[in-house]
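Below is one structure, written out as structure tokens, with a few remarks after it.
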Amino acid sequence: MTIQSIGVLGAGQMGAGIAHVAAVAGLDVRVADADRARAQQGIDGIAKRLQRLVDKERMTPAARDGALARLVAVDGIADFKDCDFVVEAVSENEALKRSLFEQLDAACKPEAILATNTSSIPITRIAAVTRRPAQVIGMHFMNPVPVMKLIEVIRGIATSDETTAATVALAERLGKVTVTARDMPGFIINRVLMPMINEAVYALYEGIGTVEDIDTGMKLGTNQPMGPLTLADFIGLDTCLAIMNVLHTGMGDTKYRPCPLLQQYVDAGWLGRKSGRGFYTYGADGR
Ligand SMILES: NC(=O)c1ccc[n+]([C@@H]2O[C@H](COP(=O)([O-])OP(=O)(O)OC[C@H]3O[C@@H](n4cnc5c(N)ncnc54)[C@H](O)[C@@H]3O)[C@@H](O)[C@H]2O)c1
């Protein structure tokens, strides 16, 4: 199947990034969120980021205009009816994703592929609410999407070879490299990454070190581009907590218990960079 038109559901940090790379790659992109205004907000953010690329002479004004012309904010899922491929990137909540996949299945044409950008929720369970489980797949982009090279492709138990091949081909068209993971809690990336972040929060909770000690120690001591608490703020503490809960319940092993301090920060609304406060505080420009 030729993929030319793509729907992106959820225009938060990931959805906007996915819409950005798809439009730059020449696809027609329809963006939906809880309402059209939020979808448009996502597109406005993309316009600003594309302008920054033009200012730095890393993109031509014509390429920016072409990408922006391919991005359309729509009212909701019903407007995805002609899309060849849909990527869902709403909040990391299984009940929400399952309910939206039921609606996507009803609205989209029968041959369309439905992908989820979930960080950890089983693809098989999301696929099971649709009448097309062979055409449901995990397409896990990394944050920030325009910068990060990897897409983790996750096959649910019923995902077909054709769906996998089409998804890998699309990822390559977006300029990305793929790895394929089995549908197990956290897949590959978050099975390894999230326990490390959670352990860093425990180190803070137990007073082993300050935020700065933990981040500088891990950054310089293990040669990572940023410390785990900086990374947690960047990902979103609500997303980190949701992934730890999936690992904890999915594996049934107490070693994946989310740190109580992580839970408390989320309860306080300290979600990291996107809310202005997490382990660090941020200005309006996100710095
Ligand atoms: N943040 C990361 O680093 C990262 C990395 C990879 C994957 N993910 C995954 O991507 C997904 C989105 O994460 P994010 O960081 O962009 O979150 P976010 O909070 O920035 O964005 C979520 C978006 O979903 C929208 N939304 C909520 N309910 C909706 C509904 N009923 N209909 C339509 N839109 C709705 C919200 O309005 C918001 O714009 C999650 O599944 C997350 O696990 C996140």
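So you can find residues: chains in the structure tokens are A, B, ... in the order shown, residues in each start at 1, and ligands are numbered from 1 in order.
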Please tabulate, as a Markdown table, the residues of region 213-240 of chain A that come within 12 Å of region 276-283 of chain A, each with its closest pair of atoms and the distance in Å to one decimal, counting only C-alpha atoms and ordering rows by chain, then residue number upward.
```
| residue | atom | partner | partner_atom | distance |
| --- | --- | --- | --- | --- |
| A:Ile214 | CA | A:Phe279 | CA | 11.2 |
| A:Asp215 | CA | A:Phe279 | CA | 10.5 |
| A:Gly227 | CA | A:Phe279 | CA | 11.2 |
| A:Pro228 | CA | A:Phe279 | CA | 10.3 |
| A:Leu229 | CA | A:Phe279 | CA | 6.5 |
| A:Thr230 | CA | A:Phe279 | CA | 7.3 |
| A:Leu231 | CA | A:Phe279 | CA | 9.9 |
| A:Ala232 | CA | A:Phe279 | CA | 8.3 |
| A:Asp233 | CA | A:Gly278 | CA | 5.7 |
| A:Phe234 | CA | A:Gly278 | CA | 9.1 |
| A:Ile235 | CA | A:Gly278 | CA | 10.7 |
| A:Gly236 | CA | A:Gly278 | CA | 8.3 |
| A:Leu237 | CA | A:Gly278 | CA | 7.3 |
| A:Asp238 | CA | A:Gly278 | CA | 10.3 |
| A:Cys240 | CA | A:Gly278 | CA | 11.9 |
```
Keeping only C-alpha atoms, write the selected residues as a short mmCIF file (atom, residue, chain, number, x, y, z; two decimals), in the first residue's frame.
```cif
data_model
loop_
_atom_site.label_atom_id
_atom_site.label_comp_id
_atom_site.auth_asym_id
_atom_site.auth_seq_id
_atom_site.Cartn_x
_atom_site.Cartn_y
_atom_site.Cartn_z
CA ILE A 214 22.83 12.24 40.72
CA ASP A 215 22.62 13.88 37.28
CA GLY A 227 21.43 12.87 33.70
CA PRO A 228 18.45 10.58 34.45
CA LEU A 229 16.48 13.22 36.39
CA THR A 230 16.92 15.77 33.57
CA LEU A 231 15.76 13.07 31.16
CA ALA A 232 12.76 12.23 33.38
CA ASP A 233 11.71 15.92 33.37
CA PHE A 234 12.09 15.94 29.61
CA ILE A 235 9.99 12.78 29.10
CA GLY A 236 7.31 13.94 31.59
CA LEU A 237 7.03 12.50 35.11
CA ASP A 238 3.44 11.38 34.47
CA CYS A 240 7.53 7.88 33.54
#
```
List as a JSON list (two decimals) with C-alpha atoms, in the first residue's frame the protein and nucleic acid residues lying within 6 Å of ligand 1, with only C-alpha atoms and all ligand atoms counted.
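Done, and the output landed in pocket18.json:
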```json
[["chain", "number", "residue", "atom", "x", "y", "z"],
["A", 9, "LEU", "CA", -3.98, 11.73, 17.10],
["A", 10, "GLY", "CA", -2.67, 13.78, 20.04],
["A", 11, "ALA", "CA", -0.74, 16.99, 19.40],
["A", 12, "GLY", "CA", 1.35, 17.10, 22.59],
["A", 13, "GLN", "CA", 5.14, 16.91, 22.56],
["A", 14, "MET", "CA", 5.27, 13.54, 20.74],
["A", 15, "GLY", "CA", 2.30, 13.99, 18.39],
["A", 33, "ASP", "CA", -6.36, 16.35, 19.65],
["A", 34, "ALA", "CA", -9.18, 16.66, 22.18],
["A", 89, "ALA", "CA", 0.11, 9.75, 20.52],
["A", 90, "VAL", "CA", -2.30, 10.65, 23.32],
["A", 91, "SER", "CA", -1.45, 10.40, 27.03],
["A", 92, "GLU", "CA", -0.08, 7.07, 28.31],
["A", 117, "ASN", "CA", 3.25, 5.55, 19.96],
["A", 118, "THR", "CA", 2.72, 4.01, 23.40],
["A", 119, "SER", "CA", 5.87, 3.75, 25.52],
["A", 140, "HIS", "CA", 7.51, 4.09, 19.32],
["A", 141, "PHE", "CA", 9.18, 7.37, 18.39],
["A", 142, "MET", "CA", 11.83, 8.89, 20.64],
["A", 143, "ASN", "CA", 11.73, 12.40, 22.10],
["A", 235, "ILE", "CA", 9.99, 12.78, 29.10],
["A", 236, "GLY", "CA", 7.31, 13.94, 31.59],
["A", 239, "THR", "CA", 4.65, 9.36, 31.49]]
```
- DSSP-assigned helix (DSSP H, G or I) members of region 20-181 of chain A, reported as a VMD selection string: chain A and resid 20 to 24 36 to 55 61 to 69 77 to 80 94 to 107 123 to 127 133 to 135 161 to 173
- Query: Residues of region 165-209 of chain A in strand (DSSP E or B) according to DSSP, as a count of residues only?
  - Reply: 6
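In this model, the gap between CA of Arg287 (chain A) and CA of Asp267 (chain A) comes to 22.9 Å.
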- Item | Residue neighbourhood Asp75 (chain A), 9 Å, only C-alpha atoms, exclusion window fewer than 4 positions, as a PyMOL selection string | chain A and resi 31-37+39+79
Using the selection just defined, write its residues with N, CA and C atoms as a compact mmCIF listing (two decimals), in the first residue's frame.
```
# COMPACT_ATOMS: atom_id res chain seq x y z
N VAL A 31 -3.95 16.46 11.83
CA VAL A 31 -3.62 16.43 13.25
C VAL A 31 -4.91 16.64 14.05
N ALA A 32 -5.16 15.72 15.00
CA ALA A 32 -6.33 15.88 15.88
C ALA A 32 -5.87 15.80 17.33
N ASP A 33 -6.60 16.46 18.21
CA ASP A 33 -6.36 16.35 19.65
C ASP A 33 -7.75 16.33 20.28
N ALA A 34 -7.87 16.69 21.55
CA ALA A 34 -9.18 16.66 22.18
C ALA A 34 -10.13 17.63 21.46
N ASP A 35 -9.59 18.71 20.91
CA ASP A 35 -10.39 19.61 20.07
C ASP A 35 -9.48 20.25 19.03
N ARG A 36 -10.11 20.96 18.10
CA ARG A 36 -9.33 21.50 16.98
C ARG A 36 -8.34 22.57 17.45
N ALA A 37 -8.73 23.34 18.48
CA ALA A 37 -7.84 24.41 18.96
C ALA A 37 -6.52 23.81 19.45
N ALA A 39 -5.23 20.95 18.53
CA ALA A 39 -4.50 20.43 17.36
C ALA A 39 -3.77 21.59 16.68
N ASP A 79 -12.34 12.76 10.98
CA ASP A 79 -11.63 13.39 9.85
C ASP A 79 -10.42 12.57 9.38
```
- Task: Quick one: everything within 8 Å of Ile18 (chain A), counting only C-alpha atoms, minus sequence neighbours fewer than 2 positions away in the same chain. Send it as a list in words.
- Result: Val8, Met14, Gly15, Ala16, His20, Val21, Ala22, Phe141, Val145 and Pro146 of chain A
Can you write just those residues out, C-alpha atoms, as a compact mmCIF listing (two decimals), in the first residue's frame?
```
# COMPACT_ATOMS: atom_id res chain seq x y z
CA VAL A 8 -1.76 11.99 14.03
CA MET A 14 5.27 13.54 20.74
CA GLY A 15 2.30 13.99 18.39
CA ALA A 16 3.59 17.40 17.26
CA HIS A 20 6.55 17.62 12.04
CA VAL A 21 8.74 14.85 10.59
CA ALA A 22 5.89 13.42 8.51
CA PHE A 141 9.18 7.37 18.39
CA VAL A 145 11.12 13.24 17.39
CA PRO A 146 12.79 15.52 14.80
```
- Item | Pick from A:Asp28, A:Glu57, A:Asp253, A:Asp161 nearest to Arg70 (chain A), counting only C-alpha atoms |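 Ranked by minimum distance to Arg70 (chain A), first place goes to A:Asp28.
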- Item | Coordinates-based distance that separates CA of Thr180 (chain A) from CA of Val136 (chain A) (Å, one decimal) |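 Rounded to one decimal, the two atoms are 14.5 Å apart.
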